[in-house]
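Peer 1: This structure is in structure tokens; I'll ask about it shortly.
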Amino acid sequence: AVRTTSFTSLPPVLCLHMRRFVYSTQTQRVTKVLERCEFSEELDLTEFLDEPRNGIANTQYVLHSVLVHSGDSCSGGHYFAFMRPTCTGDSWLQLNDDKVKICSRKAAVDDNFDGTQTAYMLVYLAKRELENLLPPCDVSCIPPHVLKTAKERD
């Protein structure tokens, strides 16, 4: 038997849960999957549409965020995320509790299968919606309490 999924329409934000936990019949417990799993920074979902859309470029997605679980079991550990603010280039942010720092594409995409640290959810944005989902922002977009906290930490 083959299991397939097809879409009748596509959302502006696509969240893919990678199911990094499985039930073990040997231990009678849910265990974490630690094997490496590679994912693309761009997706074209044309082949997964219920009815092909000839010439319409609404099936293109770009990776925006990678959610990560750090820990050796599903009953504990720590969660944090990587985010690409503009969905272009190699500029990424690591968001870990109240700490935000600039990081590389390698840290956000390639290094999340090291020992017990694994990516478990991917967030893709439709290319057709990037202007609406990520409008231009300057300092006036940042809430005053966030600016105050950032200045206090500098």
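If you're wondering about the labels, chains in the structure tokens are A, B, ... by order shown, residues count from 1 in each chain, ligands from 1 in order shown.
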Can you list every residue of region 114-148 of chain A that has an atom at most 12 Å from region 4-10 of chain A, with its nearest atom pair and the distance in Å to one decimal, using only C-alpha atoms, ordered by chain then number, as a tab-separated table?

Peer 2:
residue	atom	partner	partner_atom	distance
A:Tyr124	CA	A:Leu10	CA	11.5
A:Leu125	CA	A:Leu10	CA	10.6
A:Ala126	CA	A:Leu10	CA	8.6
A:Lys127	CA	A:Leu10	CA	11.7
A:Arg128	CA	A:Leu10	CA	11.1
A:Glu129	CA	A:Leu10	CA	11.4

Peer 1: Write out, as a PDB file, in the first residue's frame, the residues just selected, with all heavy atoms.

Peer 2:
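Contents of the output file again_6.pdb:
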ATOM      1  N   TYR A 124       7.534  26.940   6.431  1.00  0.00           N
ATOM      2  CA  TYR A 124       7.784  27.481   5.098  1.00  0.00           C
ATOM      3  C   TYR A 124       6.757  28.576   4.807  1.00  0.00           C
ATOM      4  O   TYR A 124       5.599  28.463   5.209  1.00  0.00           O
ATOM      5  CB  TYR A 124       7.650  26.391   4.037  1.00  0.00           C
ATOM      6  CG  TYR A 124       8.775  25.385   4.034  1.00  0.00           C
ATOM      7  CD1 TYR A 124       8.717  24.232   4.816  1.00  0.00           C
ATOM      8  CD2 TYR A 124       9.890  25.590   3.230  1.00  0.00           C
ATOM      9  CE1 TYR A 124       9.750  23.306   4.799  1.00  0.00           C
ATOM     10  CE2 TYR A 124      10.927  24.663   3.200  1.00  0.00           C
ATOM     11  CZ  TYR A 124      10.850  23.526   3.998  1.00  0.00           C
ATOM     12  OH  TYR A 124      11.865  22.618   3.978  1.00  0.00           O
ATOM     13  N   LEU A 125       7.201  29.612   4.088  1.00  0.00           N
ATOM     14  CA  LEU A 125       6.298  30.685   3.669  1.00  0.00           C
ATOM     15  C   LEU A 125       6.153  30.641   2.157  1.00  0.00           C
ATOM     16  O   LEU A 125       7.131  30.410   1.433  1.00  0.00           O
ATOM     17  CB  LEU A 125       6.855  32.048   4.085  1.00  0.00           C
ATOM     18  CG  LEU A 125       7.112  32.268   5.575  1.00  0.00           C
ATOM     19  CD1 LEU A 125       7.603  33.691   5.819  1.00  0.00           C
ATOM     20  CD2 LEU A 125       5.893  31.959   6.410  1.00  0.00           C
ATOM     21  N   ALA A 126       4.933  30.866   1.693  1.00  0.00           N
ATOM     22  CA  ALA A 126       4.680  30.905   0.254  1.00  0.00           C
ATOM     23  C   ALA A 126       5.394  32.114  -0.341  1.00  0.00           C
ATOM     24  O   ALA A 126       5.261  33.232   0.165  1.00  0.00           O
ATOM     25  CB  ALA A 126       3.185  30.994  -0.019  1.00  0.00           C
ATOM     26  N   LYS A 127       6.158  31.887  -1.392  1.00  0.00           N
ATOM     27  CA  LYS A 127       6.891  32.989  -2.020  1.00  0.00           C
ATOM     28  C   LYS A 127       5.938  34.088  -2.479  1.00  0.00           C
ATOM     29  O   LYS A 127       6.258  35.268  -2.400  1.00  0.00           O
ATOM     30  CB  LYS A 127       7.719  32.479  -3.205  1.00  0.00           C
ATOM     31  CG  LYS A 127       8.957  31.738  -2.787  1.00  0.00           C
ATOM     32  CD  LYS A 127       9.796  31.380  -4.016  1.00  0.00           C
ATOM     33  CE  LYS A 127      11.082  30.720  -3.610  1.00  0.00           C
ATOM     34  NZ  LYS A 127      11.923  30.417  -4.783  1.00  0.00           N
ATOM     35  N   ARG A 128       4.738  33.681  -2.926  1.00  0.00           N
ATOM     36  CA  ARG A 128       3.769  34.656  -3.436  1.00  0.00           C
ATOM     37  C   ARG A 128       3.271  35.605  -2.350  1.00  0.00           C
ATOM     38  O   ARG A 128       2.711  36.655  -2.633  1.00  0.00           O
ATOM     39  CB  ARG A 128       2.585  33.934  -4.075  1.00  0.00           C
ATOM     40  CG  ARG A 128       1.698  33.231  -3.040  1.00  0.00           C
ATOM     41  CD  ARG A 128       0.543  32.451  -3.657  1.00  0.00           C
ATOM     42  NE  ARG A 128      -0.326  31.896  -2.662  1.00  0.00           N
ATOM     43  CZ  ARG A 128      -0.110  30.749  -2.001  1.00  0.00           C
ATOM     44  NH1 ARG A 128       0.966  30.045  -2.265  1.00  0.00           N
ATOM     45  NH2 ARG A 128      -0.960  30.319  -1.100  1.00  0.00           N
ATOM     46  N   GLU A 129       3.462  35.207  -1.074  1.00  0.00           N
ATOM     47  CA  GLU A 129       2.938  35.989   0.048  1.00  0.00           C
ATOM     48  C   GLU A 129       4.012  36.667   0.881  1.00  0.00           C
ATOM     49  O   GLU A 129       3.707  37.249   1.919  1.00  0.00           O
ATOM     50  CB  GLU A 129       2.115  35.077   0.962  1.00  0.00           C
ATOM     51  CG  GLU A 129       0.871  34.504   0.333  1.00  0.00           C
ATOM     52  CD  GLU A 129      -0.221  35.537   0.132  1.00  0.00           C
ATOM     53  OE1 GLU A 129      -0.199  36.593   0.802  1.00  0.00           O
ATOM     54  OE2 GLU A 129      -1.095  35.293  -0.705  1.00  0.00           O
TER      55      GLU A 129
END

Peer 1: As a list of chain:residue names, which residues of region 33-101 of chain A does DSSP assign to strand (DSSP E)?

Peer 2: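 Written out, the strand (DSSP E) residues of region 33-101 of chain A are A:Glu42, A:Leu43, A:Asp44, A:Gln60, A:Tyr61, A:Val62, A:Leu63, A:His64, A:Ser65, A:Val66, A:Leu67, A:Val68, A:His69, A:Ser70, A:His78, A:Tyr79, A:Phe80, A:Ala81, A:Phe82, A:Met83, A:Trp92, A:Leu93, A:Gln94, A:Leu95, A:Asn96, A:Lys99, A:Val100, A:Lys101.
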
Peer 1: If I take CA of Val33 (chain A) and CA of Arg20 (chain A), how far is one from the other in Å, to one decimal?

Peer 2: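 Straight-line distance from CA of Val33 (chain A) to CA of Arg20 (chain A) works out to 5.0 Å.
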
Peer 1: Counting only C-alpha atoms, figure out which residue out of A:Pro144, A:Ser70, A:Asp111, A:Glu41 gets nearest to Arg84 (chain A).

Peer 2: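 Of A:Pro144, A:Ser70, A:Asp111, A:Glu41, the one nearest Arg84 (chain A), counting only C-alpha atoms, is A:Glu41.
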
Peer 1: Calculate how many Å separate CA of His64 (chain A) from CA of Phe82 (chain A), rounding to one decimal.

Peer 2: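 For CA of His64 (chain A) relative to CA of Phe82 (chain A), the distance reads 8.4 Å.
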
Peer 1: Just want the 12 Å neighbourhood of Thr149 (chain A), counted on only C-alpha atoms, with same-chain residues fewer than 5 positions away dropped. Output as a list of chain:residue names.

Peer 2: A:Asp98, A:Lys99, A:Ile142, A:Pro143, A:Pro144, A:Asp154

Peer 1: Just the residues within 10 Å of Val30 (chain A), please, counting only C-alpha atoms, with nothing from its chain fewer than 5 positions along; format it as a PDB file with N, CA and C atoms, in the first residue's frame.

Peer 2:
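To be explicit, this is the file written out as part-v4.pdb:
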ATOM      1  N   PHE A  21       9.504  11.331  16.845  1.00  0.00           N
ATOM      2  CA  PHE A  21       9.306  10.397  17.946  1.00  0.00           C
ATOM      3  C   PHE A  21       8.519   9.196  17.434  1.00  0.00           C
ATOM      4  N   VAL A  22       8.861   8.000  17.909  1.00  0.00           N
ATOM      5  CA  VAL A  22       8.149   6.787  17.525  1.00  0.00           C
ATOM      6  C   VAL A  22       7.921   5.919  18.750  1.00  0.00           C
ATOM      7  N   TYR A  23       6.892   5.103  18.674  1.00  0.00           N
ATOM      8  CA  TYR A  23       6.603   4.175  19.765  1.00  0.00           C
ATOM      9  C   TYR A  23       7.421   2.897  19.555  1.00  0.00           C
ATOM     10  N   SER A  24       8.150   2.496  20.581  1.00  0.00           N
ATOM     11  CA  SER A  24       8.951   1.278  20.527  1.00  0.00           C
ATOM     12  C   SER A  24       8.183   0.140  21.190  1.00  0.00           C
ATOM     13  N   THR A  25       7.911  -0.900  20.422  1.00  0.00           N
ATOM     14  CA  THR A  25       7.222  -2.056  21.005  1.00  0.00           C
ATOM     15  C   THR A  25       8.152  -2.842  21.925  1.00  0.00           C
ATOM     16  N   SER A  73      15.304  12.381  25.009  1.00  0.00           N
ATOM     17  CA  SER A  73      14.017  11.692  25.075  1.00  0.00           C
ATOM     18  C   SER A  73      12.884  12.675  24.821  1.00  0.00           C
ATOM     19  N   CYS A  74      11.704  12.134  24.572  1.00  0.00           N
ATOM     20  CA  CYS A  74      10.552  13.001  24.323  1.00  0.00           C
ATOM     21  C   CYS A  74       9.901  13.455  25.629  1.00  0.00           C
ATOM     22  N   SER A  75      10.367  12.939  26.741  1.00  0.00           N
ATOM     23  CA  SER A  75       9.771  13.342  28.015  1.00  0.00           C
ATOM     24  C   SER A  75      10.543  14.464  28.689  1.00  0.00           C
TER      25      SER A  75
END

Peer 1: When you count only C-alpha atoms, which of these residues is closest to Pro11 (chain A): A:Leu147, A:Tyr61, A:Arg29, A:Glu152?

Peer 2: A:Tyr61

Peer 1: With only C-alpha atoms as the basis for distance, which of A:Ala108, A:Asp50, A:Leu134, A:Lys32 is at the shortest distance from Cys87 (chain A)?

Peer 2: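 Between A:Ala108, A:Asp50, A:Leu134, A:Lys32, the residue approaching Cys87 (chain A) most closely is A:Leu134.
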
Peer 1: Tell me, in Å to one decimal, how far CA of Val100 (chain A) is from CA of Gly76 (chain A).

Peer 2: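 Separation between CA of Val100 (chain A) and CA of Gly76 (chain A): 22.5 Å.
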
Peer 1: Taking into account only C-alpha atoms, which residue in the set A:Leu63, A:Ala81, A:Met121, A:Val109 is nearest to Asp44 (chain A)?

Peer 2: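 The shortest atom-to-atom distance to Asp44 (chain A) comes from A:Leu63.
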